[in-house]
$ cat start_20.tsv   # TSV, C-alpha atoms
chain	number	residue	atom	x	y	z
A	155	MET	CA	1.09	-10.35	-14.77
A	156	ASN	CA	-1.43	-7.67	-13.73
A	157	THR	CA	0.20	-7.34	-10.30
A	158	LEU	CA	3.61	-6.82	-11.86
A	159	PHE	CA	2.31	-4.13	-14.22
A	160	GLN	CA	0.53	-2.38	-11.37
A	161	LEU	CA	3.83	-2.44	-9.46
A	162	ALA	CA	5.51	-0.94	-12.55
A	163	ALA	CA	2.91	1.83	-12.50
A	164	LEU	CA	3.47	2.33	-8.77
A	165	PHE	CA	7.25	2.61	-9.14
A	166	ASP	CA	6.83	4.89	-12.13
A	167	ALA	CA	4.70	7.14	-9.92
A	168	VAL	CA	6.84	7.14	-6.75
A	169	THR	CA	10.25	5.93	-8.01
A	170	GLU	CA	11.01	3.98	-4.83
A	171	ILE	CA	9.47	2.80	-1.57
A	172	GLU	CA	11.54	2.31	1.55
A	173	GLY	CA	10.47	-0.64	3.65
A	174	ARG	CA	8.68	-3.93	3.11
A	175	LYS	CA	5.91	-2.95	5.49
A	176	LYS	CA	5.43	0.38	3.74
A	177	LEU	CA	5.20	-1.33	0.35
A	178	GLN	CA	2.65	-3.87	1.60
A	179	LYS	CA	0.50	-1.17	3.23
A	180	THR	CA	0.70	1.15	0.22
A	181	VAL	CA	-0.50	-1.59	-2.11
A	182	HIS	CA	-3.24	-2.60	0.35
A	183	ILE	CA	-4.57	0.94	0.64
A	184	LEU	CA	-4.42	1.58	-3.11
A	185	GLN	CA	-6.19	-1.69	-3.80
A	186	GLU	CA	-8.92	-0.87	-1.30
A	187	PHE	CA	-9.42	2.41	-3.17
A	188	GLY	CA	-9.88	0.51	-6.43
A	189	VAL	CA	-6.43	0.01	-7.94
A	190	PRO	CA	-6.56	-3.59	-9.19
A	191	PHE	CA	-3.32	-5.15	-7.97
A	192	GLY	CA	-5.10	-8.50	-7.97
A	193	VAL	CA	-3.77	-9.77	-4.64
A	194	SER	CA	-5.56	-10.84	-1.49
A	195	PHE	CA	-4.64	-9.70	1.99
A	196	GLY	CA	-4.81	-11.53	5.28
A	197	TYR	CA	-4.03	-10.20	8.71
A	198	HIS	CA	-0.54	-10.57	10.23
A	199	HIS	CA	1.33	-8.95	13.10
A	200	TYR	CA	1.97	-5.70	11.22
A	201	GLY	CA	-1.54	-5.57	9.78
A	202	PRO	CA	-2.75	-6.53	6.32
A	203	PHE	CA	-0.21	-8.62	4.43
A	204	SER	CA	-0.34	-10.31	1.04
A	205	GLU	CA	1.61	-13.51	0.40
A	206	GLN	CA	0.74	-13.09	-3.30
A	207	LEU	CA	2.32	-9.64	-3.36
A	208	GLN	CA	5.39	-10.96	-1.55
A	209	ASP	CA	5.70	-13.81	-4.07
A	210	CYS	CA	5.34	-11.38	-6.99
A	211	LEU	CA	8.05	-9.13	-5.52
A	212	GLN	CA	10.41	-12.06	-4.99
A	213	SER	CA	9.81	-13.33	-8.51
A	214	ALA	CA	10.35	-9.86	-9.98
A	215	GLN	CA	13.55	-9.50	-7.96
A	216	HIS	CA	14.76	-12.87	-9.20
A	217	ASP	CA	14.13	-11.68	-12.77
A	218	SER	CA	15.88	-8.35	-11.98
A	219	LEU	CA	12.71	-6.35	-12.69
A	220	ILE	CA	12.49	-4.92	-9.18
A	221	CYS	CA	15.57	-3.97	-7.17
A	222	GLU	CA	15.63	-4.46	-3.41
A	223	THR	CA	18.59	-2.89	-1.66
A	224	GLU	CA	19.35	-2.75	2.04
A	225	VAL	CA	19.35	0.69	3.63
A	226	PRO	CA	22.07	0.96	6.28
A	227	GLY	CA	20.86	1.69	9.77
A	228	GLN	CA	20.03	0.17	13.14
A	229	THR	CA	17.19	-1.94	11.84
A	230	PRO	CA	17.46	-3.69	8.51
A	231	THR	CA	15.28	-1.80	6.02
A	232	PHE	CA	14.98	-2.39	2.31
A	233	ARG	CA	14.38	0.03	-0.54
A	234	PHE	CA	12.36	-1.14	-3.54
A	235	LYS	CA	12.66	0.34	-6.99
A	236	GLY	CA	11.38	-0.75	-10.38
A	237	ASP	CA	14.15	-1.63	-12.81
A	238	SER	CA	14.31	0.44	-16.00
A	239	ARG	CA	13.36	-2.68	-18.01
A	240	LEU	CA	10.11	-3.08	-16.06
A	241	ILE	CA	9.21	0.60	-16.34
A	242	GLY	CA	10.21	0.57	-20.01
A	243	LEU	CA	7.99	-2.43	-20.74
A	244	TRP	CA	5.10	-0.76	-18.96
A	245	LYS	CA	5.58	2.39	-21.05
A	246	LEU	CA	6.00	0.34	-24.24
A	247	LEU	CA	2.47	-0.94	-23.63
A	248	GLY	CA	1.16	2.60	-24.06
A	249	ASN	CA	1.46	3.94	-20.54
A	250	GLU	CA	3.51	7.05	-21.25
A	251	SER	CA	2.06	9.11	-18.42
A	252	PRO	CA	1.81	8.09	-14.76
A	253	PRO	CA	-1.42	6.39	-13.65
A	254	LYS	CA	-4.36	8.55	-12.55
A	255	TRP	CA	-3.68	7.42	-8.99
A	256	ALA	CA	-0.03	8.59	-9.00
A	257	GLU	CA	-0.77	11.58	-6.76
A	258	PHE	CA	-2.43	9.29	-4.22
A	259	ALA	CA	0.51	6.86	-4.32
A	260	THR	CA	2.93	9.74	-3.83
A	261	GLU	CA	0.95	10.99	-0.85
A	262	LEU	CA	0.96	7.51	0.68
A	263	ASN	CA	4.69	7.20	0.10
A	264	ARG	CA	5.24	10.36	2.18
A	265	LYS	CA	3.59	8.71	5.19
A	266	SER	CA	5.59	6.79	7.76
A	267	PRO	CA	5.30	2.99	7.92
A	268	ARG	CA	3.44	3.29	11.24
A	269	GLU	CA	0.93	5.75	9.80
A	270	LEU	CA	0.32	3.41	6.88
A	271	GLU	CA	0.05	0.41	9.21
A	272	THR	CA	-2.59	2.26	11.24
A	273	ILE	CA	-4.59	3.37	8.17
A	274	SER	CA	-4.31	-0.02	6.50
A	275	THR	CA	-5.41	-1.88	9.64
A	276	LEU	CA	-8.35	0.48	10.05
A	277	ILE	CA	-9.45	-0.15	6.45
A	278	TYR	CA	-9.02	-3.90	6.95
A	279	LEU	CA	-11.17	-3.94	10.09
A	280	GLU	CA	-13.88	-1.78	8.51
A	281	LYS	CA	-14.07	-4.09	5.51
A	282	LEU	CA	-13.91	-7.24	7.63
A	283	ARG	CA	-16.71	-6.14	9.95
A	284	GLY	CA	-18.92	-4.57	7.28
A	285	GLU	CA	-21.19	-1.56	7.09
A	286	GLY	CA	-23.30	-2.30	10.16
A	287	ILE	CA	-20.53	-2.17	12.72
A	288	GLY	CA	-20.04	1.01	14.69
A	289	LYS	CA	-16.92	3.11	15.11
A	290	GLU	CA	-16.70	2.13	18.78
A	291	GLN	CA	-16.51	-1.59	17.97
A	292	ILE	CA	-13.83	-0.99	15.32
A	293	ASP	CA	-11.87	1.12	17.82
A	294	LEU	CA	-12.03	-1.62	20.48
A	295	GLU	CA	-10.85	-4.26	18.05
A	296	PHE	CA	-8.09	-1.99	16.73
A	297	LYS	CA	-6.86	-1.22	20.24
A	298	SER	CA	-6.85	-4.93	21.06
A	299	LEU	CA	-4.76	-5.74	17.96
A	300	LYS	CA	-2.56	-2.63	17.97
A	301	PRO	CA	-2.22	-1.22	21.49
A	302	HIS	CA	1.09	0.41	20.50
A	303	LEU	CA	-0.72	2.41	17.79
A	304	GLU	CA	-3.77	3.43	19.82
A	305	GLY	CA	-2.55	7.04	19.98
A	306	LYS	CA	-2.46	7.23	16.18
A	307	LEU	CA	-5.99	5.93	15.60
A	308	ASP	CA	-7.85	9.26	15.55
A	309	ALA	CA	-5.33	10.85	13.18
A	310	ALA	CA	-5.47	7.77	10.93
A	311	ARG	CA	-9.27	7.92	10.80
A	312	GLN	CA	-9.13	11.61	9.90
A	313	THR	CA	-6.52	10.94	7.18
A	314	LEU	CA	-8.60	8.05	5.83
A	315	ASN	CA	-11.68	10.28	5.64
A	316	GLU	CA	-9.63	12.93	3.82
A	317	PHE	CA	-8.40	10.28	1.37
A	318	ARG	CA	-11.96	9.15	0.75
A	319	GLN	CA	-12.99	12.71	-0.10
A	320	LYS	CA	-9.89	13.52	-2.12
A	321	TYR	CA	-9.60	10.23	-4.06
A	322	PRO	CA	-13.09	8.89	-4.82
A	323	PRO	CA	-13.29	6.33	-7.66
A	324	GLU	CA	-14.73	8.91	-10.08
A	325	LYS	CA	-11.68	11.17	-9.57
A	326	LEU	CA	-9.16	8.37	-9.94
A	327	GLY	CA	-10.82	7.39	-13.21
A	328	SER	CA	-9.79	4.22	-14.96
A	329	LEU	CA	-7.40	2.50	-12.62
A	330	GLN	CA	-6.50	-0.43	-14.82
A	331	VAL	CA	-3.18	-0.37	-16.60
A	332	ALA	CA	-2.50	-2.23	-19.83
$ encode --input "start_20.tsv" --output "structure tokens"
Amino acid sequence: MNTLFQLAALFDAVTEIEGRKKLQKTVHILQEFGVPFGVSFGYHHYGPFSEQLQDCLQSAQHDSLICETEVPGQTPTFRFKGDSRLIGLWKLLGNESPPKWAEFATELNRKSPRELETISTLIYLEKLRGEGIGKEQIDLEFKSLKPHLEGKLDAARQTLNEFRQKYPPEKLGSLQVA
């Protein structure tokens, strides 16, 4: 249930997220910054991906707590939005104001899916390889996995460093929701 309530908090903060990839990467990045969504991520073609998150989304859609609607266009894209019942339940549990990490979620939601894929993959590789690995090794591995995003790597690293300065755990405060 924790994942569902964190998703309620996320949708309360950003209203909607356009794209499955964008939703996965947003949750991954927020979780790596301390928001306890309670899901694990593995690596897939588009970077970090959580089967648990996907299952939670599908279950919530089945229960009409999260709406997924197709956005017309060349490539099928889907827009996710928390249903008023889910947001209402979250608020009923004492969460009248958005979470302390709402500003961060909003900033992530303004990024393109490719930017989030690049940042999320960079975070994943840094965590996977640990503290002792150098930037050069991470860059080589990133370029091997994501040659099509190689040109975005430096900007993603700069953005990630800015996020780390702007949203340290002490600023985000208590990240847990009811």
$ residues_around --input "start_20.tsv" --residues "Glu290 of chain A" --least-positions-apart "5" --cutoff "12 Å" --atoms "only C-alpha atoms" --output "ChimeraX atom specification"
/A:279-280,295-297,307-308
$ closest_atom_pairs --input "start_20.tsv" --of "segment 218-237 of chain A" --to "segment 192-214 of chain A" --cutoff "12 Å" --atoms "all atoms listed in the file" --output "Markdown table"
| residue | atom | partner | partner_atom | distance |
| --- | --- | --- | --- | --- |
| A:Ser218 | CA | A:Ala214 | CA | 6.1 |
| A:Leu219 | CA | A:Ala214 | CA | 5.0 |
| A:Ile220 | CA | A:Ala214 | CA | 5.4 |
| A:Cys221 | CA | A:Ala214 | CA | 8.4 |
| A:Glu222 | CA | A:Leu211 | CA | 9.1 |
| A:Phe234 | CA | A:Leu211 | CA | 9.3 |
| A:Lys235 | CA | A:Leu211 | CA | 10.6 |
| A:Gly236 | CA | A:Ala214 | CA | 9.2 |
| A:Asp237 | CA | A:Ala214 | CA | 9.5 |
$ closest_residue --input "start_20.tsv" --among "A:Lys289, A:Lys254, A:Lys300, A:His216" --to "Thr275 of chain A" --atoms "only C-alpha atoms"
A:Lys300
$ residues_around --input "start_20.tsv" --residues "segment 309-321 of chain A" --least-positions-apart "3" --cutoff "9 Å" --atoms "all atoms listed in the file" --output "ChimeraX atom specification"
/A:187,255,258,269-270,272-273,276-277,305-306,324-326
$ residues_around --input "start_20.tsv" --residues "Ile183 of chain A" --least-positions-apart "3" --cutoff "6 Å" --atoms "all atoms listed in the file" --output "MDAnalysis selection string"
chainID A and resid 180 186 274
$ write_last_selection --input "start_20.tsv" --atoms "C-alpha atoms" --output "tab-separated table (two decimals), in the coordinates of the input"
chain	number	residue	atom	x	y	z
A	180	THR	CA	0.70	1.15	0.22
A	186	GLU	CA	-8.92	-0.87	-1.30
A	274	SER	CA	-4.31	-0.02	6.50
$ closest_residue --input "start_20.tsv" --among "A:Pro230, A:Leu303, A:Val225, A:Phe165" --to "Gly242 of chain A" --atoms "all atoms listed in the file"
A:Phe165
$ atom_distance --input "start_20.tsv" --atom1 "atom CA of Asp293 of chain A" --atom2 "atom CA of Asn263 of chain A"
25.0 Å
$ closest_residue --input "start_20.tsv" --among "A:Gln291, A:Thr231, A:Ser238, A:Gln178" --to "Ala162 of chain A" --atoms "all atoms listed in the file"
A:Ser238
$ residues_around --input "start_20.tsv" --residues "Glu250 of chain A" --least-positions-apart "5" --cutoff "10 Å" --atoms "all atoms listed in the file" --output "ChimeraX atom specification"
/A:166,241-242,244-245
$ atom_distance --input "start_20.tsv" --atom1 "atom CA of Leu164 of chain A" --atom2 "atom CA of Ser251 of chain A"
11.9 Å
$ closest_residue --input "start_20.tsv" --among "A:Ala167, A:Lys175, A:Glu304, A:Pro226" --to "Glu261 of chain A" --atoms "all atoms listed in the file"
A:Ala167
$ closest_residue --input "start_20.tsv" --among "A:Leu177, A:Leu161, A:Leu246, A:Val168" --to "Arg268 of chain A" --atoms "only C-alpha atoms"
A:Leu177
